[in-house]
$ cat target-v6.cif   # mmCIF, C-alpha atoms
data_coords
loop_
_atom_site.label_atom_id
_atom_site.label_comp_id
_atom_site.auth_asym_id
_atom_site.auth_seq_id
_atom_site.Cartn_x
_atom_site.Cartn_y
_atom_site.Cartn_z
CA MET B 1 95.86 111.38 81.82
CA LYS B 2 97.79 110.45 84.97
CA ARG B 3 100.36 107.71 84.69
CA ARG B 4 99.94 105.05 87.32
CA ALA B 5 103.27 104.19 88.94
CA ILE B 6 102.80 100.43 89.13
CA TRP B 7 103.02 100.14 85.34
CA TRP B 8 106.61 101.39 85.03
CA PRO B 9 108.64 98.42 86.34
CA CYS B 10 106.42 95.92 84.55
CA LEU B 11 106.68 97.65 81.18
CA LYS B 12 110.40 98.41 81.41
CA ARG B 13 111.15 94.76 82.06
CA GLY B 14 109.20 93.96 78.92
CA GLY B 15 111.35 96.32 76.87
CA VAL B 16 108.66 98.96 76.36
CA SER B 17 109.97 102.50 76.10
CA LEU B 18 108.47 105.61 77.67
CA ALA B 19 107.73 106.94 74.17
CA GLU B 20 105.69 103.83 73.39
CA ILE B 21 103.78 104.21 76.65
CA ASP B 22 102.98 107.84 75.82
CA ALA B 23 101.87 106.84 72.30
CA LEU B 24 99.56 104.17 73.72
CA ALA B 25 98.13 106.63 76.26
CA GLU B 26 97.43 109.10 73.46
CA ARG B 27 95.67 106.43 71.37
CA CYS B 28 93.49 105.66 74.39
CA ARG B 29 92.66 109.34 74.83
CA GLN B 30 91.71 109.67 71.18
CA ALA B 31 89.46 106.59 71.18
CA LYS B 32 85.73 107.32 70.98
CA TYR B 33 84.88 104.19 72.97
CA GLY B 34 87.73 102.02 74.21
CA VAL B 35 87.78 98.88 76.31
CA VAL B 36 90.50 97.61 78.66
CA VAL B 37 90.29 93.81 78.62
CA TRP B 38 92.04 91.44 81.02
CA ALA B 39 91.78 87.80 82.08
CA PRO B 40 92.16 87.44 85.87
CA ALA B 41 93.14 83.77 85.58
CA ALA B 42 96.13 84.73 83.42
CA LEU B 43 97.56 87.05 86.09
CA LYS B 44 99.93 84.72 87.92
CA SER B 45 101.83 87.28 90.00
CA ALA B 46 101.71 87.22 93.80
CA HIS B 47 99.70 90.44 93.90
CA ALA B 48 97.54 90.14 90.80
CA GLU B 49 94.75 92.09 92.49
CA LEU B 50 96.98 95.19 92.37
CA ALA B 51 97.23 94.86 88.58
CA ILE B 52 93.43 94.64 88.36
CA GLU B 53 93.18 97.72 90.57
CA GLN B 54 95.40 99.53 88.06
CA PHE B 55 93.25 98.38 85.13
CA THR B 56 90.14 99.78 86.77
CA GLY B 57 91.97 102.96 87.78
CA LEU B 58 93.11 103.42 84.19
CA VAL B 59 89.50 103.14 82.99
CA LYS B 60 88.45 105.72 85.60
CA ASP B 61 91.15 108.15 84.46
CA LEU B 62 90.31 107.70 80.78
CA ASN B 63 86.63 108.40 81.40
CA GLN B 64 87.57 111.93 82.43
CA GLU B 65 88.45 112.65 78.78
CA THR B 66 86.69 110.04 76.67
CA ARG B 67 84.50 106.93 76.98
CA PHE B 68 86.17 103.78 78.23
CA ALA B 69 85.03 100.51 79.80
CA GLY B 70 86.71 97.60 81.56
CA LEU B 71 86.00 93.94 80.75
CA ALA B 72 87.33 91.06 82.84
CA LEU B 73 87.22 87.72 81.02
CA GLY B 74 86.93 84.29 82.60
CA GLY B 75 85.43 83.51 85.96
CA GLY B 76 84.66 79.81 85.91
CA GLU B 77 83.14 77.90 88.84
CA GLY B 78 80.67 80.73 89.47
CA ALA B 79 83.43 83.22 90.32
CA THR B 80 81.81 86.00 88.28
CA THR B 81 78.49 85.43 90.05
CA ALA B 82 80.16 85.38 93.47
CA ALA B 83 81.96 88.64 92.70
CA ALA B 84 78.75 90.28 91.48
CA VAL B 85 76.74 89.19 94.53
CA CYS B 86 79.49 90.40 96.86
CA THR B 87 79.39 93.82 95.22
CA TRP B 88 75.58 93.98 95.28
CA ILE B 89 75.53 93.25 99.00
CA SER B 90 78.57 95.16 100.25
CA GLY B 91 79.54 97.64 97.55
CA TYR B 92 83.00 96.03 97.43
CA PRO B 93 84.72 93.31 95.37
CA LEU B 94 85.49 89.90 96.82
CA ARG B 95 87.61 89.54 99.98
CA VAL B 96 85.19 91.20 102.34
CA SER B 97 84.85 90.32 106.03
CA TYR B 98 81.73 90.84 108.15
CA ALA B 99 83.43 89.94 111.44
CA CYS B 100 83.00 93.48 112.78
CA GLY B 101 79.31 93.64 111.82
CA ALA B 102 79.89 95.73 108.69
CA PRO B 103 81.61 94.99 105.37
CA ASP B 104 85.39 95.31 105.70
CA TYR B 105 87.21 95.13 102.36
CA ASP B 106 90.90 94.26 102.45
CA PRO B 107 92.28 92.25 99.50
CA TYR B 108 95.41 91.23 101.42
CA ARG B 109 94.05 90.60 104.90
CA TRP B 110 91.08 88.54 103.66
CA ASP B 111 93.00 86.52 101.05
CA ILE B 112 91.89 82.97 101.89
CA GLY B 113 95.11 81.45 100.53
CA ARG B 114 97.25 83.65 102.75
CA MET B 115 94.97 83.12 105.76
CA LEU B 116 95.22 79.34 105.49
CA LYS B 117 98.98 79.49 104.98
CA ASP B 118 99.40 81.70 108.06
CA GLY B 119 97.11 79.54 110.18
CA GLU B 120 94.36 82.11 110.60
CA GLY B 121 90.79 81.01 111.27
CA ASP B 122 89.21 78.18 113.24
CA VAL B 123 87.23 76.41 110.52
CA LEU B 124 87.01 76.46 106.72
CA VAL B 125 83.57 76.41 105.09
CA TRP B 126 84.08 75.41 101.46
CA THR B 127 81.30 75.48 98.84
CA ALA B 128 81.69 73.93 95.39
CA SER B 129 78.40 73.17 93.66
CA ILE B 130 79.43 73.33 89.99
CA SER B 131 82.58 71.40 89.10
CA PRO B 132 83.78 68.28 90.97
CA SER B 133 87.38 69.42 90.39
CA LEU B 134 87.16 72.42 92.73
CA GLY B 135 88.04 70.70 95.98
CA PRO B 136 89.15 72.60 99.09
CA PRO B 137 92.82 73.54 99.49
CA PRO B 138 94.98 71.65 101.99
CA THR B 139 94.58 73.00 105.50
CA LYS B 140 95.21 71.89 109.09
CA ILE B 141 91.99 73.45 110.39
CA PRO B 142 88.66 71.55 110.29
CA ALA B 143 86.78 71.87 107.01
CA ILE B 144 83.04 71.84 106.36
CA VAL B 145 82.48 71.09 102.70
CA LEU B 146 79.24 71.66 100.79
CA GLY B 147 80.07 70.02 97.50
CA THR B 148 78.67 68.47 94.38
CA PRO B 149 78.77 64.64 94.31
CA GLY B 150 82.17 63.34 93.27
CA LEU B 151 84.00 66.43 94.50
CA ALA B 152 87.76 65.90 94.48
CA LEU B 153 88.98 65.78 98.08
CA GLN B 154 92.62 65.46 99.14
CA LYS B 155 91.48 64.20 102.54
CA PRO B 156 88.10 63.62 104.21
CA PRO B 157 86.72 66.87 105.66
CA ALA B 158 85.29 67.14 109.16
CA VAL B 159 81.81 67.49 107.60
CA LEU B 160 80.72 66.74 104.03
CA ILE B 161 77.28 67.79 102.83
CA PRO B 162 76.28 66.87 99.25
CA VAL B 163 74.57 69.74 97.43
CA GLY B 164 73.02 70.08 94.01
CA THR B 165 74.32 71.91 90.95
CA PRO B 166 72.34 74.91 89.66
CA GLY B 167 70.93 74.19 86.23
CA LEU B 168 71.01 70.42 86.81
CA ASP B 169 69.55 69.63 90.24
CA HIS B 170 67.72 72.86 90.99
CA ALA B 171 66.89 76.21 89.43
CA GLY B 172 69.13 79.20 89.92
CA ARG B 173 70.87 82.13 88.28
CA LEU B 174 74.41 82.78 87.13
CA VAL B 175 75.99 86.00 85.95
CA ARG B 176 77.49 85.56 82.50
CA VAL B 177 81.30 85.83 82.42
CA ASP B 178 81.13 89.24 80.70
CA THR B 179 79.02 90.44 83.69
CA VAL B 180 76.39 91.88 81.33
CA VAL B 181 73.54 89.38 81.70
CA THR B 182 72.14 87.28 84.56
CA LEU B 183 71.10 83.92 83.10
CA PRO B 184 68.19 81.89 84.55
CA LEU B 185 68.97 78.19 85.05
CA LYS B 186 66.27 75.51 85.02
CA ASP B 187 65.99 72.43 87.19
CA LEU B 188 66.74 69.51 84.85
CA GLY B 189 65.86 66.98 87.55
CA ARG B 190 69.18 65.16 87.68
CA ALA B 191 69.03 64.50 91.42
CA GLU B 192 67.03 65.60 94.44
CA LEU B 193 69.82 67.41 96.24
CA PRO B 194 69.40 70.64 98.19
CA SER B 195 70.94 73.83 96.93
CA THR B 196 73.93 75.38 98.67
CA ALA B 197 71.74 78.33 99.68
CA GLU B 198 69.21 76.00 101.35
CA MET B 199 71.91 74.21 103.32
CA LEU B 200 73.62 77.43 104.43
CA SER B 201 70.25 78.84 105.53
CA ALA B 202 69.56 75.66 107.52
CA ILE B 203 72.99 75.87 109.20
CA GLN B 204 72.43 79.54 110.02
CA ALA B 205 68.99 78.81 111.47
CA ALA B 206 70.46 76.10 113.72
CA ILE B 207 73.19 78.34 115.17
#

$ encode --input "target-v6.cif" --output "structure tokens"
Amino acid sequence: MKRRAIWWPCLKRGGVSLAEIDALAERCRQAKYGVVVWAPAALKSAHAELAIEQFTGLVKDLNQETRFAGLALGGGEGATTAAAVCTWISGYPLRVSYACGAPDYDPYRWDIGRMLKDGEGDVLVWTASISPSLGPPPTKIPAIVLGTPGLALQKPPAVLIPVGTPGLDHAGRLVRVDTVVTLPLKDLGRAELPSTAEMLSAIQAAI
């Protein structure tokens, strides 16, 4: 199995020897069905997406000799569903641009945090239909917010459109955090608010 270079500095700083790395690699090779598990929210480094790329690359390498799977844990606020839908539509993970008319995947260039920090973009469209705590990040550009009632806002956006929460105000579907099952959500009739999809479709139709 090929060693992936990005692992070396991380593991050496943690006091892990090359012999221990080789022993772990051999245990993985000998496994009949192994699983690499990681929690994206726990990866606090500046380039956490590179670590995830290595996890998935490791699974790919292991599957040349045995059976291995990757399992990402977490994904609150509909993040798992957003990632799944992005892949269904484009074939890529999140951080895809359609500005050129075709899906363009670049995890650095289309990092929304970096783009806002560097002053890229003319307007921010922020959707948050599940938790009221997921307010938009601070930005100097105008913000259009489609949010659940009570959404935490650091400052009033240029446009605020209340939207319903799937499973409370309207029916919908969410991908379970293990990405195995898509769960149907019923309309519990809490409030008569439009869904985010309905509002985005209306905005698109008006453009």

$ residues_around --input "target-v6.cif" --residues "Arg95 in chain B" --least-positions-apart "4" --cutoff "7 Å" --atoms "all atoms listed in the file" --output "PDB file with C-alpha atoms, in the frame of the given file"
ATOM      1  CA  TYR B 105      87.210  95.130 102.360  1.00  0.00           C
ATOM      2  CA  ASP B 106      90.900  94.260 102.450  1.00  0.00           C
ATOM      3  CA  PRO B 107      92.280  92.250  99.500  1.00  0.00           C
ATOM      4  CA  TRP B 110      91.080  88.540 103.660  1.00  0.00           C
ATOM      5  CA  ASP B 111      93.000  86.520 101.050  1.00  0.00           C
TER       6      ASP B 111
END

$ residues_around --input "target-v6.cif" --residues "Gly147 in chain B" --least-positions-apart "2" --cutoff "9 Å" --atoms "all atoms listed in the file" --output "JSON, numbers by chain"
{"B": [126, 127, 128, 129, 130, 131, 132, 134, 135, 145, 149, 150, 151, 160, 161, 162, 163, 164, 165, 196]}

$ residues_around --input "target-v6.cif" --residues "range 60-67 of chain B" --least-positions-apart "2" --cutoff "10 Å" --atoms "all atoms listed in the file" --output "list in words"
Met1, Lys2, Arg3, Arg4, Ala25, Cys28, Arg29, Gln30, Ala31, Lys32, Tyr33, Gly34, Val35, Gln54, Phe55, Thr56, Gly57, Leu58, Ala69 and Gly70 of chain B

$ write_last_selection --input "target-v6.cif" --atoms "C-alpha atoms" --output "mmCIF file, in the frame of the given file"
data_model
loop_
_atom_site.group_PDB
_atom_site.id
_atom_site.type_symbol
_atom_site.label_atom_id
_atom_site.label_comp_id
_atom_site.auth_asym_id
_atom_site.auth_seq_id
_atom_site.Cartn_x
_atom_site.Cartn_y
_atom_site.Cartn_z
ATOM 1 C CA MET B 1 95.860 111.380 81.820
ATOM 2 C CA LYS B 2 97.790 110.450 84.970
ATOM 3 C CA ARG B 3 100.360 107.710 84.690
ATOM 4 C CA ARG B 4 99.940 105.050 87.320
ATOM 5 C CA ALA B 25 98.130 106.630 76.260
ATOM 6 C CA CYS B 28 93.490 105.660 74.390
ATOM 7 C CA ARG B 29 92.660 109.340 74.830
ATOM 8 C CA GLN B 30 91.710 109.670 71.180
ATOM 9 C CA ALA B 31 89.460 106.590 71.180
ATOM 10 C CA LYS B 32 85.730 107.320 70.980
ATOM 11 C CA TYR B 33 84.880 104.190 72.970
ATOM 12 C CA GLY B 34 87.730 102.020 74.210
ATOM 13 C CA VAL B 35 87.780 98.880 76.310
ATOM 14 C CA GLN B 54 95.400 99.530 88.060
ATOM 15 C CA PHE B 55 93.250 98.380 85.130
ATOM 16 C CA THR B 56 90.140 99.780 86.770
ATOM 17 C CA GLY B 57 91.970 102.960 87.780
ATOM 18 C CA LEU B 58 93.110 103.420 84.190
ATOM 19 C CA ALA B 69 85.030 100.510 79.800
ATOM 20 C CA GLY B 70 86.710 97.600 81.560
#

$ resolve_selection --input "target-v6.cif" --expression "the PyMOL selection byres ((chain B and resi 38-41) around 7)" --output "NGL selection string"
:B and (36-37 or 42-43 or 71-74)

$ residues_around --input "target-v6.cif" --residues "range 166-182 of chain B" --least-positions-apart "4" --cutoff "10 Å" --atoms "only C-alpha atoms" --output "number ranges by chain"
B: 71-76, 78-85, 129-130, 186-196

$ write_last_selection --input "target-v6.cif" --atoms "C-alpha atoms" --output "short mmCIF file (atom, residue, chain, number, x, y, z; two decimals), in the frame of the given file"
data_model
loop_
_atom_site.label_atom_id
_atom_site.label_comp_id
_atom_site.auth_asym_id
_atom_site.auth_seq_id
_atom_site.Cartn_x
_atom_site.Cartn_y
_atom_site.Cartn_z
CA LEU B 71 86.00 93.94 80.75
CA ALA B 72 87.33 91.06 82.84
CA LEU B 73 87.22 87.72 81.02
CA GLY B 74 86.93 84.29 82.60
CA GLY B 75 85.43 83.51 85.96
CA GLY B 76 84.66 79.81 85.91
CA GLY B 78 80.67 80.73 89.47
CA ALA B 79 83.43 83.22 90.32
CA THR B 80 81.81 86.00 88.28
CA THR B 81 78.49 85.43 90.05
CA ALA B 82 80.16 85.38 93.47
CA ALA B 83 81.96 88.64 92.70
CA ALA B 84 78.75 90.28 91.48
CA VAL B 85 76.74 89.19 94.53
CA SER B 129 78.40 73.17 93.66
CA ILE B 130 79.43 73.33 89.99
CA LYS B 186 66.27 75.51 85.02
CA ASP B 187 65.99 72.43 87.19
CA LEU B 188 66.74 69.51 84.85
CA GLY B 189 65.86 66.98 87.55
CA ARG B 190 69.18 65.16 87.68
CA ALA B 191 69.03 64.50 91.42
CA GLU B 192 67.03 65.60 94.44
CA LEU B 193 69.82 67.41 96.24
CA PRO B 194 69.40 70.64 98.19
CA SER B 195 70.94 73.83 96.93
CA THR B 196 73.93 75.38 98.67
#

$ atom_distance --input "target-v6.cif" --atom1 "CA of Pro142 in chain B" --atom2 "CA of Arg109 in chain B"
20.5 Å

$ atom_distance --input "target-v6.cif" --atom1 "CA of Ala102 in chain B" --atom2 "CA of Pro138 in chain B"
29.2 Å

$ atom_distance --input "target-v6.cif" --atom1 "CA of Ala158 in chain B" --atom2 "CA of Ile203 in chain B"
15.1 Å

$ resolve_selection --input "target-v6.cif" --expression "the PyMOL selection byres ((chain B and resi 140) around 10)" --output "list in words"
Leu116, Lys117, Gly119, Asp122, Val123, Leu124, Pro138, Thr139, Ile141, Pro142 and Ala143 of chain B
